[in-house]
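Trainee: Next comes the structure file start22.pdb, holding PDB, C-alpha atoms, pLDDT in the B column.
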```
MODEL        1
ATOM      1  CA  MET A   1     104.413  94.238  85.397  1.00 90.00           C
ATOM      2  CA  THR A   2     101.888  91.459  85.806  1.00 95.00           C
ATOM      3  CA  TYR A   3      99.896  89.214  83.540  1.00 98.00           C
ATOM      4  CA  VAL A   4      96.097  89.282  83.534  1.00 98.00           C
ATOM      5  CA  VAL A   5      93.311  87.128  82.166  1.00 98.00           C
ATOM      6  CA  THR A   6      91.013  88.942  79.744  1.00 97.00           C
ATOM      7  CA  ASP A   7      87.502  88.306  78.449  1.00 96.00           C
ATOM      8  CA  ASN A   8      88.369  85.601  75.944  1.00 96.00           C
ATOM      9  CA  CYS A   9      88.732  83.199  78.885  1.00 97.00           C
ATOM     10  CA  ILE A  10      85.045  83.679  79.714  1.00 97.00           C
ATOM     11  CA  ALA A  11      82.947  80.636  78.761  1.00 96.00           C
ATOM     12  CA  CYS A  12      86.086  78.765  77.656  1.00 96.00           C
ATOM     13  CA  LYS A  13      88.139  78.367  80.853  1.00 96.00           C
ATOM     14  CA  TYR A  14      91.090  76.485  79.490  1.00 97.00           C
ATOM     15  CA  THR A  15      93.364  75.619  82.401  1.00 97.00           C
ATOM     16  CA  ASP A  16      96.628  74.784  80.625  1.00 97.00           C
ATOM     17  CA  CYS A  17      98.083  77.915  82.242  1.00 97.00           C
ATOM     18  CA  VAL A  18      97.660  76.764  85.842  1.00 97.00           C
ATOM     19  CA  GLU A  19      99.923  73.748  85.374  1.00 95.00           C
ATOM     20  CA  VAL A  20     102.923  75.879  84.423  1.00 97.00           C
ATOM     21  CA  CYS A  21     102.467  78.691  86.968  1.00 98.00           C
ATOM     22  CA  PRO A  22     105.320  78.442  89.500  1.00 97.00           C
ATOM     23  CA  VAL A  23     103.519  80.527  92.149  1.00 98.00           C
ATOM     24  CA  ASP A  24      99.909  79.286  91.901  1.00 97.00           C
ATOM     25  CA  CYS A  25      98.411  82.723  91.292  1.00 98.00           C
ATOM     26  CA  PHE A  26      95.395  81.579  89.233  1.00 98.00           C
ATOM     27  CA  TYR A  27      91.908  81.677  90.740  1.00 98.00           C
ATOM     28  CA  GLU A  28      88.841  79.904  89.431  1.00 98.00           C
ATOM     29  CA  GLY A  29      85.400  81.305  88.801  1.00 97.00           C
ATOM     30  CA  GLU A  30      82.465  79.376  87.428  1.00 96.00           C
ATOM     31  CA  ASN A  31      83.328  80.139  83.818  1.00 96.00           C
ATOM     32  CA  MET A  32      86.757  81.802  83.765  1.00 97.00           C
ATOM     33  CA  LEU A  33      90.087  82.157  85.534  1.00 98.00           C
ATOM     34  CA  VAL A  34      91.872  85.248  86.846  1.00 98.00           C
ATOM     35  CA  ILE A  35      95.420  85.986  87.998  1.00 98.00           C
ATOM     36  CA  HIS A  36      96.136  87.735  91.279  1.00 98.00           C
ATOM     37  CA  PRO A  37      98.279  90.671  90.114  1.00 97.00           C
ATOM     38  CA  ASP A  38     100.137  90.923  93.435  1.00 97.00           C
ATOM     39  CA  GLU A  39     101.085  87.236  93.383  1.00 98.00           C
ATOM     40  CA  CYS A  40     102.150  87.043  89.720  1.00 98.00           C
ATOM     41  CA  ILE A  41     105.942  87.102  89.373  1.00 97.00           C
ATOM     42  CA  ASP A  42     105.803  88.217  85.737  1.00 97.00           C
ATOM     43  CA  CYS A  43     107.565  85.124  84.447  1.00 97.00           C
ATOM     44  CA  GLY A  44     105.245  84.898  81.434  1.00 97.00           C
ATOM     45  CA  VAL A  45     105.180  81.102  81.180  1.00 98.00           C
ATOM     46  CA  CYS A  46     101.362  81.085  81.279  1.00 98.00           C
ATOM     47  CA  GLU A  47     100.808  83.355  78.273  1.00 98.00           C
ATOM     48  CA  PRO A  48     101.844  80.941  75.501  1.00 98.00           C
ATOM     49  CA  GLU A  49      99.989  78.061  77.197  1.00 97.00           C
ATOM     50  CA  CYS A  50      96.560  79.682  76.778  1.00 97.00           C
ATOM     51  CA  PRO A  51      94.802  78.257  73.684  1.00 96.00           C
ATOM     52  CA  ALA A  52      92.354  81.193  73.734  1.00 96.00           C
ATOM     53  CA  ASP A  53      95.061  83.890  73.856  1.00 96.00           C
ATOM     54  CA  ALA A  54      93.296  85.319  76.920  1.00 97.00           C
ATOM     55  CA  ILE A  55      96.399  86.057  79.020  1.00 98.00           C
ATOM     56  CA  ARG A  56      98.051  89.399  78.348  1.00 98.00           C
ATOM     57  CA  PRO A  57     100.766  91.498  80.009  1.00 98.00           C
ATOM     58  CA  ASP A  58      99.469  94.600  81.768  1.00 97.00           C
ATOM     59  CA  THR A  59     101.863  96.702  79.691  1.00 97.00           C
ATOM     60  CA  GLU A  60      99.578  96.411  76.659  1.00 96.00           C
ATOM     61  CA  PRO A  61      97.139  99.286  76.016  1.00 96.00           C
ATOM     62  CA  ASN A  62      93.867  99.375  78.013  1.00 93.00           C
ATOM     63  CA  MET A  63      94.839  96.677  80.510  1.00 97.00           C
ATOM     64  CA  ASP A  64      94.195  98.736  83.675  1.00 97.00           C
ATOM     65  CA  GLU A  65      90.556  97.608  83.862  1.00 97.00           C
ATOM     66  CA  TRP A  66      91.668  93.973  83.539  1.00 97.00           C
ATOM     67  CA  VAL A  67      94.217  94.374  86.347  1.00 98.00           C
ATOM     68  CA  THR A  68      91.411  95.684  88.576  1.00 98.00           C
ATOM     69  CA  PHE A  69      89.062  92.922  87.414  1.00 98.00           C
ATOM     70  CA  ASN A  70      91.647  90.177  88.059  1.00 98.00           C
ATOM     71  CA  ARG A  71      92.478  91.591  91.503  1.00 98.00           C
ATOM     72  CA  LYS A  72      88.801  91.795  92.516  1.00 98.00           C
ATOM     73  CA  TYR A  73      87.908  88.235  91.575  1.00 98.00           C
ATOM     74  CA  SER A  74      91.167  86.624  92.702  1.00 98.00           C
ATOM     75  CA  GLU A  75      90.302  87.849  96.191  1.00 97.00           C
ATOM     76  CA  MET A  76      86.862  86.202  95.976  1.00 97.00           C
ATOM     77  CA  TRP A  77      87.496  82.919  94.146  1.00 98.00           C
ATOM     78  CA  PRO A  78      89.473  79.798  95.166  1.00 98.00           C
ATOM     79  CA  VAL A  79      92.974  79.118  93.885  1.00 98.00           C
ATOM     80  CA  ILE A  80      93.321  76.537  91.107  1.00 98.00           C
ATOM     81  CA  THR A  81      96.533  74.550  90.631  1.00 96.00           C
ATOM     82  CA  VAL A  82      95.453  71.513  88.612  1.00 96.00           C
ATOM     83  CA  LYS A  83      94.477  71.369  84.958  1.00 96.00           C
ATOM     84  CA  LYS A  84      90.816  70.589  84.268  1.00 96.00           C
ATOM     85  CA  ASP A  85      88.805  70.087  81.106  1.00 96.00           C
ATOM     86  CA  PRO A  86      87.659  73.302  79.390  1.00 96.00           C
ATOM     87  CA  LEU A  87      83.988  74.216  79.398  1.00 96.00           C
ATOM     88  CA  PRO A  88      81.863  72.238  76.910  1.00 95.00           C
ATOM     89  CA  ASP A  89      81.357  75.127  74.459  1.00 94.00           C
ATOM     90  CA  ALA A  90      84.914  76.473  74.749  1.00 95.00           C
ATOM     91  CA  GLU A  91      85.900  75.865  71.154  1.00 94.00           C
ATOM     92  CA  ALA A  92      82.697  77.350  69.744  1.00 94.00           C
ATOM     93  CA  LEU A  93      82.891  80.464  71.958  1.00 94.00           C
ATOM     94  CA  ASP A  94      86.626  81.103  71.580  1.00 94.00           C
ATOM     95  CA  GLY A  95      87.080  84.595  70.153  1.00 93.00           C
ATOM     96  CA  GLN A  96      83.452  85.674  70.522  1.00 94.00           C
ATOM     97  CA  LYS A  97      83.105  89.430  71.157  1.00 93.00           C
ATOM     98  CA  ASP A  98      81.622  91.027  74.311  1.00 92.00           C
ATOM     99  CA  LYS A  99      81.779  87.878  76.421  1.00 95.00           C
ATOM    100  CA  LEU A 100      82.041  89.975  79.583  1.00 94.00           C
ATOM    101  CA  LYS A 101      78.542  91.320  78.907  1.00 94.00           C
ATOM    102  CA  THR A 102      76.993  88.117  77.581  1.00 94.00           C
ATOM    103  CA  HIS A 103      78.622  85.180  79.404  1.00 95.00           C
ATOM    104  CA  PHE A 104      80.424  86.308  82.591  1.00 95.00           C
ATOM    105  CA  SER A 105      79.466  84.749  85.928  1.00 92.00           C
ATOM    106  CA  GLU A 106      80.698  86.029  89.302  1.00 95.00           C
ATOM    107  CA  VAL A 107      80.123  82.644  90.930  1.00 93.00           C
ATOM    108  CA  ALA A 108      83.204  80.961  92.355  1.00 92.00           C
ATOM    109  CA  GLY A 109      84.504  77.780  90.801  1.00 85.00           C
ATOM    110  CA  GLU A 110      84.571  74.363  92.373  1.00 72.00           C
ATOM    111  CA  GLY A 111      88.108  74.803  93.690  1.00 55.00           C
ATOM    112  CA  ASN A 112      90.528  71.950  94.199  1.00 51.00           C
TER     113      ASN A 112
ENDMDL
END
```
Produce structure tokens that represent the structure in this file.
Mentor:
Amino acid sequence: MTYVVTDNCIACKYTDCVEVCPVDCFYEGENMLVIHPDECIDCGVCEPECPADAIRPDTEPNMDEWVTFNRKYSEMWPVITVKKDPLPDAEALDGQKDKLKTHFSEVAGEGN
């Protein structure tokens, strides 16, 4: 099992999760985070830390595409290990539908 970041992180990018991750398996894009599924140790400490409820276990239904998505971008983006401020519109966009289609950016984040 692994944990993955899903589309509710897009345009919010809360980083509370990276502070508690014992193996630094979060990677930062311009407007979201992902988890490298091969580095995640399935401890689950990140899931309750996410204010947007964007981190889910891959054992939930329909998570295969998110495992692939997280793997792809974690191999392209820089690791993030320090908490940062969320994006300016995070609160307003939290829970918005279809954020992958309307707000996703493939650009890498600033890194550490």
Trainee: Quick one: apply the PyMOL selection byres ((chain A and resi 63-66) around 12) to the file and drop the selected residues here as a PyMOL selection string.
Mentor: chain A and resi 1-8+34-37+54-62+67-74+100
Trainee: What gap, in Å, lies between CA of Leu93 (chain A) and CA of Asp38 (chain A)?
Mentor: 29.5 Å
Trainee: Give me the residues within 9 Å of Pro51 (chain A) as a ChimeraX atom specification, counting all atoms listed in the file and dropping any in the same chain fewer than 4 places off.
Mentor: /A:14,16,94
Trainee: Let's have the selection written as a short mmCIF file (atom, residue, chain, number, x, y, z; two decimals), in the frame of the given file, with C-alpha atoms.
Mentor:
```
data_model
loop_
_atom_site.label_atom_id
_atom_site.label_comp_id
_atom_site.auth_asym_id
_atom_site.auth_seq_id
_atom_site.Cartn_x
_atom_site.Cartn_y
_atom_site.Cartn_z
CA TYR A 14 91.09 76.48 79.49
CA ASP A 16 96.63 74.78 80.62
CA ASP A 94 86.63 81.10 71.58
#
```
Trainee: Considering only C-alpha atoms, state which residue in the set A:Thr81, A:Pro86, A:Tyr27, A:Gly95 is at the smallest distance from Ala52 (chain A).
Mentor: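 Comparing A:Thr81, A:Pro86, A:Tyr27, A:Gly95 against Ala52 (chain A), the winner is A:Gly95.
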Trainee: Go ahead and compute the interatomic distance for CA of Phe26 (chain A) and CA of Gln96 (chain A), in Å to one decimal.
Mentor: 22.6 Å
Trainee: Between CA of Lys13 (chain A) and CA of Pro78 (chain A), measure the distance and give it in Å to one decimal.
Mentor: 14.4 Å
Trainee: List as an MDAnalysis selection string the protein and nucleic acid residues near Val82 (chain A), meaning an atom at most 12 Å away when all atoms listed in the file are counted, but skip any in the same chain fewer than 6 places from it.
Mentor: chainID A and resid 14:21 24:28 110:112
